[in-house]
Amino acid sequence: MKIKEIIKKYPFETFLFTLILLFGLIWTFLVPPFQKADESAHYFRAASVSRGELTCSMGDVEEALEIRERHFQFVEAVGTSRIAFKYEEKADIKSMLRAGGNVEDDNPNIVSWDGCNLSFIPYLIFAVPILIGGLFDSLLLGFYFSRLVAFILFFIAIIWSFKKINNSKFKWVIVFYALTPMVLHQASAIGYDYLTLTLIPVIFALSIDFMQNRRVSKKRILTYCLLLILLSLAKPGY
């Protein structure tokens with residue numbers, strides 16, 4: 001079915017998903033770097049994964065992760081510590097562009113960082129964007145590309161979940177969930193919350209689908225169990 005036909009057949013649904021996409025992109029690009037929950041710490045973990053360091057035991061320092069010093073310099077130059085918990089402070093766009101726009105002559109030193117409690121699994125999708133940013137000598141490009149990848153994965157999961165239970169009234173729960181500001185805010189952030197928020201609608205849709213069908217294949221049950229395991233590994237236990 002072509003896009004024009006889909007719009008004509010499902011105008012209201014198209015409008016809602018357009019809103020989700022629009023608001024998601026706004027949360028992705030208009031929120032300054034490291035102004036989402038604990039985003040600087042998650043950025044450091046993503047940076048360590050981009051170096052192939054999945055656990056602390058894989059580096060020279062067994063009780064810490066090893067990260068290039070330029071990532072710490074980037075966080076400080078953006079003004080993260082200056083803005084944190086101070087609502088009157090604002091992000092400086094010029095400083096942000098200067099800090100992340102060119103890293104050709106950057107300090108190559110490696111710094112130890114204590115983030116061993118963070119599983120590498122949610123950060124795997126950020127490795128490629130960060131590496132691409134390095135190829136173009138732009139930490140800022142790698143940062144925003146990482147956010148975008150997280151949101152796109154979330155958006156695809158929302159569409160899939162909606163279509164999965166298209167014949168059920170519960171499909172609107174998924175739409176309202178996706179339109180919640182805080183959900184979009186964190187689904188487009190560097191961290192582990194995006195994975196949790198992405199898996200929830202998929203598991204919800206599968207649960208509704210199971211209740212609607214008398215027979216459930218072993219393959220679907222296995223997929224469901226694997227998703228639950230992935231959900232449990234998405235963030236550290238407290």
# chains A, B, ... in the order shown; residues from 1 in each chain; ligands from 1
>>> select_by_dssp(residues="range 98-157 of chain A", states="alpha helix (DSSP H)", output="mmCIF file with N, CA, C and O atoms, in the first residue's frame")
data_model
loop_
_atom_site.group_PDB
_atom_site.id
_atom_site.type_symbol
_atom_site.label_atom_id
_atom_site.label_comp_id
_atom_site.auth_asym_id
_atom_site.auth_seq_id
_atom_site.Cartn_x
_atom_site.Cartn_y
_atom_site.Cartn_z
ATOM 1 N N ARG A 98 31.398 24.724 19.420
ATOM 2 C CA ARG A 98 32.860 24.777 19.491
ATOM 3 C C ARG A 98 33.413 23.524 20.175
ATOM 4 O O ARG A 98 34.441 22.982 19.777
ATOM 5 N N ALA A 99 32.717 23.068 21.213
ATOM 6 C CA ALA A 99 33.186 21.913 21.984
ATOM 7 C C ALA A 99 33.073 20.613 21.205
ATOM 8 O O ALA A 99 33.939 19.744 21.301
ATOM 9 N N GLY A 100 32.016 20.471 20.429
ATOM 10 C CA GLY A 100 31.795 19.203 19.757
ATOM 11 C C GLY A 100 31.985 19.226 18.266
ATOM 12 O O GLY A 100 31.795 18.215 17.592
ATOM 13 N N GLY A 101 32.374 20.375 17.715
ATOM 14 C CA GLY A 101 32.440 20.493 16.264
ATOM 15 C C GLY A 101 33.735 20.036 15.633
ATOM 16 O O GLY A 101 33.759 19.632 14.484
ATOM 17 N N LEU A 124 24.840 -0.635 23.079
ATOM 18 C CA LEU A 124 25.418 -1.178 21.846
ATOM 19 C C LEU A 124 25.023 -0.362 20.616
ATOM 20 O O LEU A 124 25.836 -0.158 19.717
ATOM 21 N N ILE A 125 23.774 0.130 20.571
ATOM 22 C CA ILE A 125 23.334 0.875 19.380
ATOM 23 C C ILE A 125 23.990 2.245 19.270
ATOM 24 O O ILE A 125 23.947 2.870 18.214
ATOM 25 N N PHE A 126 24.594 2.717 20.360
ATOM 26 C CA PHE A 126 25.249 4.025 20.327
ATOM 27 C C PHE A 126 26.687 3.950 19.829
ATOM 28 O O PHE A 126 27.296 4.979 19.525
ATOM 29 N N ALA A 127 27.245 2.750 19.763
ATOM 30 C CA ALA A 127 28.652 2.597 19.387
ATOM 31 C C ALA A 127 28.909 3.114 17.974
ATOM 32 O O ALA A 127 29.844 3.885 17.741
ATOM 33 N N VAL A 128 28.060 2.706 17.022
ATOM 34 C CA VAL A 128 28.255 3.119 15.628
ATOM 35 C C VAL A 128 28.097 4.628 15.452
ATOM 36 O O VAL A 128 28.938 5.267 14.812
ATOM 37 N N PRO A 129 27.023 5.262 15.995
ATOM 38 C CA PRO A 129 26.913 6.720 15.869
ATOM 39 C C PRO A 129 28.105 7.482 16.438
ATOM 40 O O PRO A 129 28.568 8.463 15.835
ATOM 41 N N ILE A 130 28.604 7.032 17.581
ATOM 42 C CA ILE A 130 29.758 7.709 18.181
ATOM 43 C C ILE A 130 30.999 7.529 17.313
ATOM 44 O O ILE A 130 31.788 8.473 17.124
ATOM 45 N N LEU A 131 31.172 6.346 16.756
ATOM 46 C CA LEU A 131 32.308 6.106 15.868
ATOM 47 C C LEU A 131 32.192 6.938 14.588
ATOM 48 O O LEU A 131 33.189 7.454 14.078
ATOM 49 N N ILE A 132 30.973 7.076 14.069
ATOM 50 C CA ILE A 132 30.755 7.910 12.874
ATOM 51 C C ILE A 132 31.092 9.357 13.183
ATOM 52 O O ILE A 132 31.711 10.058 12.366
ATOM 53 N N GLY A 133 30.702 9.832 14.371
ATOM 54 C CA GLY A 133 31.062 11.181 14.785
ATOM 55 C C GLY A 133 32.567 11.368 14.826
ATOM 56 O O GLY A 133 33.091 12.420 14.442
ATOM 57 N N GLY A 134 33.282 10.327 15.272
ATOM 58 C CA GLY A 134 34.742 10.388 15.294
ATOM 59 C C GLY A 134 35.332 10.457 13.899
ATOM 60 O O GLY A 134 36.315 11.163 13.670
ATOM 61 N N LEU A 135 34.737 9.748 12.944
ATOM 62 C CA LEU A 135 35.224 9.783 11.563
ATOM 63 C C LEU A 135 35.100 11.165 10.951
ATOM 64 O O LEU A 135 35.925 11.576 10.134
ATOM 65 N N LEU A 139 32.226 15.344 17.782
ATOM 66 C CA LEU A 139 31.570 14.675 18.904
ATOM 67 C C LEU A 139 30.089 15.036 18.943
ATOM 68 O O LEU A 139 29.253 14.230 19.347
ATOM 69 N N LEU A 140 29.767 16.243 18.517
ATOM 70 C CA LEU A 140 28.378 16.697 18.524
ATOM 71 C C LEU A 140 27.533 15.882 17.544
ATOM 72 O O LEU A 140 26.392 15.524 17.840
ATOM 73 N N LEU A 141 28.091 15.570 16.383
ATOM 74 C CA LEU A 141 27.397 14.743 15.403
ATOM 75 C C LEU A 141 27.133 13.360 15.973
ATOM 76 O O LEU A 141 26.023 12.824 15.868
ATOM 77 N N GLY A 142 28.140 12.767 16.595
ATOM 78 C CA GLY A 142 27.979 11.456 17.207
ATOM 79 C C GLY A 142 26.943 11.466 18.307
ATOM 80 O O GLY A 142 26.171 10.513 18.460
ATOM 81 N N PHE A 143 26.899 12.564 19.068
ATOM 82 C CA PHE A 143 25.946 12.678 20.171
ATOM 83 C C PHE A 143 24.512 12.705 19.662
ATOM 84 O O PHE A 143 23.656 11.915 20.095
ATOM 85 N N TYR A 144 24.217 13.612 18.731
ATOM 86 C CA TYR A 144 22.844 13.749 18.240
ATOM 87 C C TYR A 144 22.427 12.552 17.379
ATOM 88 O O TYR A 144 21.249 12.180 17.354
ATOM 89 N N PHE A 145 23.370 11.963 16.689
ATOM 90 C CA PHE A 145 23.075 10.763 15.905
ATOM 91 C C PHE A 145 22.684 9.622 16.835
ATOM 92 O O PHE A 145 21.779 8.822 16.532
ATOM 93 N N SER A 146 23.319 9.549 17.999
ATOM 94 C CA SER A 146 22.991 8.519 18.990
ATOM 95 C C SER A 146 21.567 8.705 19.496
ATOM 96 O O SER A 146 20.796 7.747 19.605
ATOM 97 N N ARG A 147 21.218 9.942 19.806
ATOM 98 C CA ARG A 147 19.847 10.226 20.235
ATOM 99 C C ARG A 147 18.838 9.839 19.164
ATOM 100 O O ARG A 147 17.796 9.247 19.459
ATOM 101 N N LEU A 148 19.147 10.179 17.929
ATOM 102 C CA LEU A 148 18.230 9.906 16.822
ATOM 103 C C LEU A 148 18.015 8.410 16.635
ATOM 104 O O LEU A 148 16.880 7.953 16.420
ATOM 105 N N VAL A 149 19.080 7.637 16.714
ATOM 106 C CA VAL A 149 18.982 6.181 16.563
ATOM 107 C C VAL A 149 18.067 5.589 17.643
ATOM 108 O O VAL A 149 17.233 4.723 17.365
ATOM 109 N N ALA A 150 18.209 6.077 18.881
ATOM 110 C CA ALA A 150 17.370 5.593 19.978
ATOM 111 C C ALA A 150 15.896 5.899 19.705
ATOM 112 O O ALA A 150 15.025 5.041 19.896
ATOM 113 N N PHE A 151 15.619 7.120 19.251
ATOM 114 C CA PHE A 151 14.229 7.494 18.996
ATOM 115 C C PHE A 151 13.639 6.729 17.818
ATOM 116 O O PHE A 151 12.478 6.298 17.871
ATOM 117 N N ILE A 152 14.404 6.546 16.757
ATOM 118 C CA ILE A 152 13.906 5.818 15.586
ATOM 119 C C ILE A 152 13.541 4.385 15.963
ATOM 120 O O ILE A 152 12.513 3.852 15.519
ATOM 121 N N LEU A 153 14.365 3.758 16.790
ATOM 122 C CA LEU A 153 14.062 2.393 17.247
ATOM 123 C C LEU A 153 12.749 2.384 18.037
ATOM 124 O O LEU A 153 11.916 1.495 17.849
ATOM 125 N N PHE A 154 12.577 3.371 18.895
ATOM 126 C CA PHE A 154 11.341 3.499 19.675
ATOM 127 C C PHE A 154 10.135 3.708 18.752
ATOM 128 O O PHE A 154 9.097 3.069 18.922
ATOM 129 N N PHE A 155 10.285 4.564 17.761
ATOM 130 C CA PHE A 155 9.197 4.881 16.834
ATOM 131 C C PHE A 155 8.780 3.649 16.026
ATOM 132 O O PHE A 155 7.592 3.389 15.832
ATOM 133 N N ILE A 156 9.752 2.883 15.581
ATOM 134 C CA ILE A 156 9.462 1.640 14.845
ATOM 135 C C ILE A 156 8.708 0.661 15.736
ATOM 136 O O ILE A 156 7.751 0.003 15.289
ATOM 137 N N ALA A 157 9.115 0.560 17.006
ATOM 138 C CA ALA A 157 8.445 -0.342 17.943
ATOM 139 C C ALA A 157 6.997 0.073 18.173
ATOM 140 O O ALA A 157 6.101 -0.787 18.288
#
>>> residues_around(residues="Asn117 in chain A", least_positions_apart="3", cutoff="12 Å", atoms="only C-alpha atoms", output="list of chain:residue names")
A:Ala41, A:His42, A:Arg45, A:Leu54, A:Thr55, A:Cys56, A:Glu63, A:Ala64, A:Leu65, A:Trp113, A:Asp114, A:Phe120, A:Ile121, A:Leu233, A:Ala234, A:Lys235, A:Pro236, A:Gly237, A:Tyr238
>>> write_last_selection(atoms="C-alpha atoms", output="PDB file, in the first residue's frame")
ATOM      1  CA  ALA A  41      27.028   9.348  32.641  1.00  0.00           C
ATOM      2  CA  HIS A  42      25.222   7.350  29.964  1.00  0.00           C
ATOM      3  CA  ARG A  45      29.221   4.396  29.083  1.00  0.00           C
ATOM      4  CA  LEU A  54      31.840  -4.162  27.282  1.00  0.00           C
ATOM      5  CA  THR A  55      32.887  -4.821  30.874  1.00  0.00           C
ATOM      6  CA  CYS A  56      35.392  -3.287  33.247  1.00  0.00           C
ATOM      7  CA  GLU A  63      37.611  -1.813  38.429  1.00  0.00           C
ATOM      8  CA  ALA A  64      36.805   1.008  36.015  1.00  0.00           C
ATOM      9  CA  LEU A  65      35.973   1.764  32.412  1.00  0.00           C
ATOM     10  CA  TRP A 113      35.592   6.169  34.942  1.00  0.00           C
ATOM     11  CA  ASP A 114      33.581   4.166  37.463  1.00  0.00           C
ATOM     12  CA  PHE A 120      26.677  -2.779  27.978  1.00  0.00           C
ATOM     13  CA  ILE A 121      23.510  -4.110  26.291  1.00  0.00           C
ATOM     14  CA  LEU A 233      18.829  -6.591  31.408  1.00  0.00           C
ATOM     15  CA  ALA A 234      17.982  -3.153  30.029  1.00  0.00           C
ATOM     16  CA  LYS A 235      18.861  -1.347  33.221  1.00  0.00           C
ATOM     17  CA  PRO A 236      20.699  -2.235  36.436  1.00  0.00           C
ATOM     18  CA  GLY A 237      18.714  -3.547  39.364  1.00  0.00           C
ATOM     19  CA  TYR A 238      18.358  -1.420  42.452  1.00  0.00           C
TER      20      TYR A 238
END
>>> atom_distance(atom1="CA of Thr180 in chain A", atom2="CA of Ala205 in chain A")
17.7 Å
>>> residues_around(residues="Lys163 in chain A", least_positions_apart="5", cutoff="12 Å", atoms="only C-alpha atoms", output="number ranges by chain")
A: 13, 156-158, 168-172, 174-175, 201-202, 205-206, 209
>>> atom_distance(atom1="CA of Tyr194 in chain A", atom2="CA of Ser40 in chain A")
15.1 Å
>>> residues_around(residues="Glu89 in chain A", least_positions_apart="6", cutoff="12 Å", atoms="only C-alpha atoms", output="list in words")
Gln35, Gly79, Thr80, Ser81, Arg82 and Ile83 of chain A
>>> select_by_dssp(residues="range 50-226 of chain A", states="strand (DSSP E)", output="list in words")
Leu65, Glu66, Ile67, Arg68, Ile110, Val111, Ser112 and Trp113 of chain A
